[in-house]
>>> print(open('input-v3.pdb').read())   # PDB, C-alpha atoms
MODEL        1
ATOM      1  CA  MET A   1      40.560 -19.511 -32.962  1.00  0.00           C
ATOM      2  CA  ASN A   2      42.021 -22.278 -30.841  1.00  0.00           C
ATOM      3  CA  SER A   3      40.316 -24.249 -28.036  1.00  0.00           C
ATOM      4  CA  ASP A   4      41.311 -21.614 -25.425  1.00  0.00           C
ATOM      5  CA  GLY A   5      39.346 -18.828 -27.168  1.00  0.00           C
ATOM      6  CA  GLN A   6      42.500 -17.309 -28.636  1.00  0.00           C
ATOM      7  CA  ILE A   7      42.610 -15.938 -32.141  1.00  0.00           C
ATOM      8  CA  VAL A   8      46.112 -16.735 -33.250  1.00  0.00           C
ATOM      9  CA  ALA A   9      47.593 -13.917 -35.307  1.00  0.00           C
ATOM     10  CA  ALA A  10      50.952 -13.711 -37.008  1.00  0.00           C
ATOM     11  CA  SER A  11      52.663 -12.270 -33.927  1.00  0.00           C
ATOM     12  CA  LYS A  12      50.765 -12.286 -30.613  1.00  0.00           C
ATOM     13  CA  PRO A  13      47.556 -14.128 -29.701  1.00  0.00           C
ATOM     14  CA  LEU A  14      44.337 -12.125 -29.458  1.00  0.00           C
ATOM     15  CA  HIS A  15      41.940 -13.101 -26.664  1.00  0.00           C
ATOM     16  CA  PHE A  16      38.187 -12.597 -27.027  1.00  0.00           C
ATOM     17  CA  ILE A  17      36.930 -10.353 -24.206  1.00  0.00           C
ATOM     18  CA  GLY A  18      33.302  -9.868 -25.228  1.00  0.00           C
ATOM     19  CA  LYS A  19      30.998  -7.995 -27.530  1.00  0.00           C
ATOM     20  CA  LYS A  20      31.787  -4.285 -27.829  1.00  0.00           C
ATOM     21  CA  GLU A  21      28.238  -3.208 -26.956  1.00  0.00           C
ATOM     22  CA  ASP A  22      28.154  -5.483 -23.881  1.00  0.00           C
ATOM     23  CA  ILE A  23      31.387  -3.982 -22.522  1.00  0.00           C
ATOM     24  CA  ILE A  24      30.163  -0.443 -23.236  1.00  0.00           C
ATOM     25  CA  GLN A  25      26.950  -1.191 -21.350  1.00  0.00           C
ATOM     26  CA  ALA A  26      28.780  -2.807 -18.403  1.00  0.00           C
ATOM     27  CA  GLY A  27      31.443  -0.076 -18.279  1.00  0.00           C
ATOM     28  CA  ARG A  28      34.033  -2.513 -16.931  1.00  0.00           C
ATOM     29  CA  VAL A  29      34.640  -6.245 -16.740  1.00  0.00           C
ATOM     30  CA  VAL A  30      37.336  -8.447 -15.219  1.00  0.00           C
ATOM     31  CA  LYS A  31      38.545 -11.345 -17.344  1.00  0.00           C
ATOM     32  CA  SER A  32      41.070 -14.055 -16.619  1.00  0.00           C
ATOM     33  CA  VAL A  33      43.408 -14.301 -19.602  1.00  0.00           C
ATOM     34  CA  CYS A  34      46.329 -16.743 -19.537  1.00  0.00           C
ATOM     35  CA  ASP A  35      46.355 -16.720 -15.702  1.00  0.00           C
ATOM     36  CA  ARG A  36      46.221 -12.880 -15.551  1.00  0.00           C
ATOM     37  CA  ASP A  37      43.260 -11.011 -14.123  1.00  0.00           C
ATOM     38  CA  VAL A  38      42.680  -8.112 -16.495  1.00  0.00           C
ATOM     39  CA  LEU A  39      40.313  -5.192 -15.979  1.00  0.00           C
ATOM     40  CA  VAL A  40      38.796  -3.942 -19.229  1.00  0.00           C
ATOM     41  CA  LEU A  41      37.195  -0.481 -19.011  1.00  0.00           C
ATOM     42  CA  TYR A  42      35.178   1.752 -21.293  1.00  0.00           C
ATOM     43  CA  HIS A  43      35.732   5.429 -20.477  1.00  0.00           C
ATOM     44  CA  GLN A  44      34.922   8.506 -22.544  1.00  0.00           C
ATOM     45  CA  GLY A  45      34.756   6.592 -25.815  1.00  0.00           C
ATOM     46  CA  ASP A  46      37.923   4.527 -25.336  1.00  0.00           C
ATOM     47  CA  PHE A  47      38.683   1.017 -24.128  1.00  0.00           C
ATOM     48  CA  TYR A  48      41.498   0.358 -21.664  1.00  0.00           C
ATOM     49  CA  ALA A  49      42.898  -2.853 -20.205  1.00  0.00           C
ATOM     50  CA  ILE A  50      45.107  -3.052 -17.109  1.00  0.00           C
ATOM     51  CA  ASP A  51      46.067  -5.678 -14.574  1.00  0.00           C
ATOM     52  CA  GLY A  52      43.098  -6.109 -12.251  1.00  0.00           C
ATOM     53  CA  ARG A  53      44.885  -5.594  -8.933  1.00  0.00           C
ATOM     54  CA  CYS A  54      46.671  -2.443  -7.806  1.00  0.00           C
ATOM     55  CA  TYR A  55      50.454  -2.529  -7.927  1.00  0.00           C
ATOM     56  CA  HIS A  56      50.723  -1.179  -4.364  1.00  0.00           C
ATOM     57  CA  ALA A  57      48.893  -3.784  -2.283  1.00  0.00           C
ATOM     58  CA  GLY A  58      46.705  -5.795  -4.635  1.00  0.00           C
ATOM     59  CA  GLY A  59      43.519  -3.764  -4.202  1.00  0.00           C
ATOM     60  CA  PRO A  60      40.597  -4.641  -6.520  1.00  0.00           C
ATOM     61  CA  LEU A  61      40.763  -1.980  -9.223  1.00  0.00           C
ATOM     62  CA  HIS A  62      37.389  -2.986 -10.654  1.00  0.00           C
ATOM     63  CA  LYS A  63      35.884  -1.295  -7.577  1.00  0.00           C
ATOM     64  CA  GLY A  64      37.857   1.936  -8.096  1.00  0.00           C
ATOM     65  CA  ASP A  65      36.540   5.275  -9.317  1.00  0.00           C
ATOM     66  CA  ILE A  66      37.772   6.854 -12.529  1.00  0.00           C
ATOM     67  CA  GLU A  67      38.889  10.464 -12.075  1.00  0.00           C
ATOM     68  CA  GLU A  68      40.960  13.055 -13.916  1.00  0.00           C
ATOM     69  CA  PHE A  69      44.303  14.146 -12.425  1.00  0.00           C
ATOM     70  CA  GLY A  70      46.491  16.612 -14.265  1.00  0.00           C
ATOM     71  CA  GLY A  71      44.364  16.095 -17.380  1.00  0.00           C
ATOM     72  CA  ARG A  72      44.871  12.323 -17.335  1.00  0.00           C
ATOM     73  CA  SER A  73      42.215   9.668 -16.802  1.00  0.00           C
ATOM     74  CA  CYS A  74      43.100   7.498 -13.817  1.00  0.00           C
ATOM     75  CA  ILE A  75      41.595   4.697 -11.827  1.00  0.00           C
ATOM     76  CA  VAL A  76      41.782   5.243  -8.074  1.00  0.00           C
ATOM     77  CA  CYS A  77      42.454   2.135  -5.995  1.00  0.00           C
ATOM     78  CA  PRO A  78      39.652   1.737  -3.436  1.00  0.00           C
ATOM     79  CA  TRP A  79      42.020   0.492  -0.718  1.00  0.00           C
ATOM     80  CA  HIS A  80      44.708   3.204  -0.466  1.00  0.00           C
ATOM     81  CA  LYS A  81      43.652   5.767  -3.116  1.00  0.00           C
ATOM     82  CA  TYR A  82      46.653   5.197  -5.385  1.00  0.00           C
ATOM     83  CA  LYS A  83      46.117   6.864  -8.771  1.00  0.00           C
ATOM     84  CA  ILE A  84      46.968   4.896 -11.920  1.00  0.00           C
ATOM     85  CA  THR A  85      46.736   6.299 -15.441  1.00  0.00           C
ATOM     86  CA  LEU A  86      44.515   4.206 -17.671  1.00  0.00           C
ATOM     87  CA  ALA A  87      46.545   4.666 -20.847  1.00  0.00           C
ATOM     88  CA  GLU A  88      50.096   4.109 -19.554  1.00  0.00           C
ATOM     89  CA  GLY A  89      49.774   2.440 -16.136  1.00  0.00           C
ATOM     90  CA  GLU A  90      51.770   5.195 -14.454  1.00  0.00           C
ATOM     91  CA  GLY A  91      51.420   5.789 -10.741  1.00  0.00           C
ATOM     92  CA  LEU A  92      50.700   9.455 -10.030  1.00  0.00           C
ATOM     93  CA  TYR A  93      51.357  11.476  -6.907  1.00  0.00           C
ATOM     94  CA  GLN A  94      50.999  15.111  -5.964  1.00  0.00           C
ATOM     95  CA  ALA A  95      54.145  17.064  -5.107  1.00  0.00           C
ATOM     96  CA  VAL A  96      55.087  20.633  -4.224  1.00  0.00           C
ATOM     97  CA  ASP A  97      58.320  22.499  -4.714  1.00  0.00           C
ATOM     98  CA  PRO A  98      58.946  24.215  -1.343  1.00  0.00           C
ATOM     99  CA  SER A  99      61.205  26.795  -2.988  1.00  0.00           C
ATOM    100  CA  VAL A 100      58.337  28.131  -5.118  1.00  0.00           C
ATOM    101  CA  LYS A 101      55.877  30.435  -3.365  1.00  0.00           C
ATOM    102  CA  PRO A 102      52.953  30.225  -3.196  1.00  0.00           C
ATOM    103  CA  LEU A 103      53.046  26.458  -2.911  1.00  0.00           C
ATOM    104  CA  LYS A 104      51.339  24.882  -5.892  1.00  0.00           C
ATOM    105  CA  PRO A 105      50.800  21.117  -5.988  1.00  0.00           C
ATOM    106  CA  THR A 106      51.529  19.402  -9.304  1.00  0.00           C
ATOM    107  CA  TRP A 107      50.874  15.846 -10.454  1.00  0.00           C
ATOM    108  CA  CYS A 108      54.023  13.805 -11.024  1.00  0.00           C
ATOM    109  CA  SER A 109      54.700  10.300 -12.297  1.00  0.00           C
ATOM    110  CA  LYS A 110      56.291   7.441 -10.366  1.00  0.00           C
ATOM    111  CA  GLY A 111      56.788   5.689 -13.700  1.00  0.00           C
ATOM    112  CA  VAL A 112      54.929   2.694 -15.064  1.00  0.00           C
ATOM    113  CA  LYS A 113      53.660   0.624 -12.144  1.00  0.00           C
ATOM    114  CA  GLN A 114      50.623  -1.154 -13.619  1.00  0.00           C
ATOM    115  CA  ARG A 115      50.837  -3.393 -16.682  1.00  0.00           C
ATOM    116  CA  VAL A 116      48.538  -2.176 -19.464  1.00  0.00           C
ATOM    117  CA  HIS A 117      47.292  -4.342 -22.313  1.00  0.00           C
ATOM    118  CA  THR A 118      45.933  -3.581 -25.788  1.00  0.00           C
ATOM    119  CA  VAL A 119      42.235  -3.744 -26.682  1.00  0.00           C
ATOM    120  CA  THR A 120      41.204  -3.895 -30.325  1.00  0.00           C
ATOM    121  CA  GLU A 121      37.799  -4.130 -31.955  1.00  0.00           C
ATOM    122  CA  SER A 122      36.949  -6.397 -34.862  1.00  0.00           C
ATOM    123  CA  ASN A 123      33.431  -6.805 -36.226  1.00  0.00           C
ATOM    124  CA  GLY A 124      31.856  -5.867 -32.906  1.00  0.00           C
ATOM    125  CA  ASP A 125      34.127  -8.150 -30.849  1.00  0.00           C
ATOM    126  CA  LEU A 126      36.673  -6.826 -28.352  1.00  0.00           C
ATOM    127  CA  LEU A 127      40.017  -8.591 -28.423  1.00  0.00           C
ATOM    128  CA  LEU A 128      42.852  -8.333 -25.933  1.00  0.00           C
ATOM    129  CA  THR A 129      46.564  -8.598 -26.596  1.00  0.00           C
ATOM    130  CA  LEU A 130      48.532  -9.134 -23.405  1.00  0.00           C
ATOM    131  CA  ASN A 131      51.513  -6.883 -22.778  1.00  0.00           C
ATOM    132  CA  ASP A 132      54.404  -9.316 -22.609  1.00  0.00           C
ATOM    133  CA  SER A 133      57.172  -6.739 -22.624  1.00  0.00           C
ATOM    134  CA  PRO A 134      60.299  -7.943 -20.853  1.00  0.00           C
ATOM    135  CA  GLY A 135      61.149  -6.764 -17.387  1.00  0.00           C
ATOM    136  CA  ALA A 136      59.009  -6.785 -14.303  1.00  0.00           C
ATOM    137  CA  ILE A 137      56.288  -4.221 -13.690  1.00  0.00           C
ATOM    138  CA  ASP A 138      55.111  -3.778 -10.094  1.00  0.00           C
ATOM    139  CA  SER A 139      51.586  -5.119 -10.749  1.00  0.00           C
ATOM    140  CA  ASP A 140      53.077  -8.452 -11.951  1.00  0.00           C
ATOM    141  CA  HIS A 141      53.572  -9.428  -8.298  1.00  0.00           C
ATOM    142  CA  TYR A 142      49.820  -9.759  -7.782  1.00  0.00           C
ATOM    143  CA  GLN A 143      49.357 -12.039 -10.802  1.00  0.00           C
ATOM    144  CA  THR A 144      51.123 -15.035  -9.281  1.00  0.00           C
ATOM    145  CA  GLU A 145      49.253 -18.157  -8.229  1.00  0.00           C
ATOM    146  CA  LYS A 146      50.643 -17.843  -4.700  1.00  0.00           C
ATOM    147  CA  TYR A 147      49.293 -14.333  -4.322  1.00  0.00           C
ATOM    148  CA  ARG A 148      45.966 -15.173  -5.966  1.00  0.00           C
ATOM    149  CA  ASP A 149      45.377 -17.916  -3.379  1.00  0.00           C
ATOM    150  CA  THR A 150      46.380 -15.597  -0.505  1.00  0.00           C
ATOM    151  CA  PHE A 151      44.312 -12.758  -1.950  1.00  0.00           C
ATOM    152  CA  MET A 152      41.192 -14.914  -2.131  1.00  0.00           C
ATOM    153  CA  LYS A 153      41.577 -16.148   1.464  1.00  0.00           C
ATOM    154  CA  GLU A 154      42.392 -12.708   2.937  1.00  0.00           C
ATOM    155  CA  GLY A 155      39.781 -10.959   0.798  1.00  0.00           C
ATOM    156  CA  THR A 156      37.120 -13.187   2.305  1.00  0.00           C
ATOM    157  CA  LYS A 157      38.365 -12.529   5.873  1.00  0.00           C
ATOM    158  CA  LYS A 158      38.647  -8.755   5.386  1.00  0.00           C
ATOM    159  CA  GLY A 159      35.331  -8.521   3.584  1.00  0.00           C
ATOM    160  CA  LYS A 160      36.961  -6.620   0.705  1.00  0.00           C
TER     161      LYS A 160
ENDMDL
END
>>> encode(input="input-v3.pdb", output="structure tokens")
Amino acid sequence: MNSDGQIVAASKPLHFIGKKEDIIQAGRVVKSVCDRDVLVLYHQGDFYAIDGRCYHAGGPLHKGDIEEFGGRSCIVCPWHKYKITLAEGEGLYQAVDPSVKPLKPTWCSKGVKQRVHTVTESNGDLLLTLNDSPGAIDSDHYQTEKYRDTFMKEGTKKGK
């Protein structure tokens, strides 16, 4: 482990998030890891990690409800009700095919919009590996220092 709390592995650094039992008890925590705000969740026996602000407008996902849509666990942004799958970071929306009667709404994917990260457990510790895949993902926009400063100032004014 280096001085930044990273466990350096052969390939990608692992970041200590907390004790497994503490995260289970809390249900969700937000951690700053390498200048990224990451939401770590425990839901139905699994751990998930996603960027902490919604890809749409930077809403605080740690305040969102977890619901099932089309058989997939999603977090719902508290600001605009955007639905994001916990496992893949896909944005979901409901659509209907007007040519099919009766109209039946179905859940569809907008594609990956929220960056998801990997959580692993080792001897009761939860470790995070950041997703550093190339190419921009929409939620990356809200991880910049410029936006973080704006977000903090506006969040205080809006009372969000």
>>> resolve_selection(input="input-v3.pdb", expression="the PyMOL selection byres ((chain A and resi 101-107) around 12)", output="count of residues only")
23
>>> resolve_selection(input="input-v3.pdb", expression="the PyMOL selection byres ((chain A and resi 30) around 10)", output="list in words")
Ile17, Arg28, Val29, Lys31, Ser32, Val33, Arg36, Asp37, Val38, Leu39, Val40, Leu41, Ala49, Ile50, Asp51, Gly52, Leu61 and His62 of chain A
>>> resolve_selection(input="input-v3.pdb", expression="the PyMOL selection byres ((chain A and resi 138-145) around 8)", output="list in words")
Asp35, Arg36, Asp37, Asp51, Arg53, Cys54, Tyr55, His56, Gly58, Lys113, Gln114, Arg115, Ala136, Ile137, Lys146, Tyr147, Arg148 and Asp149 of chain A
>>> atom_distance(input="input-v3.pdb", atom1="atom CA of Leu14 of chain A", atom2="atom CA of Gly124 of chain A")
14.4 Å
>>> atom_distance(input="input-v3.pdb", atom1="atom CA of Tyr42 of chain A", atom2="atom CA of Pro60 of chain A")
17.0 Å
>>> closest_residue(input="input-v3.pdb", among="A:Gly111, A:Gly89, A:Gly135, A:Gly59", to="Ser73 of chain A", atoms="only C-alpha atoms")
A:Gly89
>>> residues_near_point(input="input-v3.pdb", point="(30.3, -7.7, -27.1)", cutoff="7 Å", atoms="all atoms listed in the file", output="list in words")
Gly18, Lys19, Lys20, Glu21, Asp22, Ile23, Gly124, Asp125 and Leu126 of chain A
>>> axis_aligned_box(input="input-v3.pdb", around="segment 50-62 of chain A", padding_each_side="4 Å", output="AutoDock Vina command-line options")
--center_x 44.1 --center_y -3.6 --center_z -9.7 --size_x 21.3 --size_y 12.9 --size_z 22.8
>>> closest_residue(input="input-v3.pdb", among="A:Cys77, A:Ile66, A:Cys34, A:Ala87", to="Phe16 of chain A", atoms="only C-alpha atoms")
A:Cys34
>>> atom_distance(input="input-v3.pdb", atom1="atom CA of Leu86 of chain A", atom2="atom CA of Asp46 of chain A")
10.1 Å
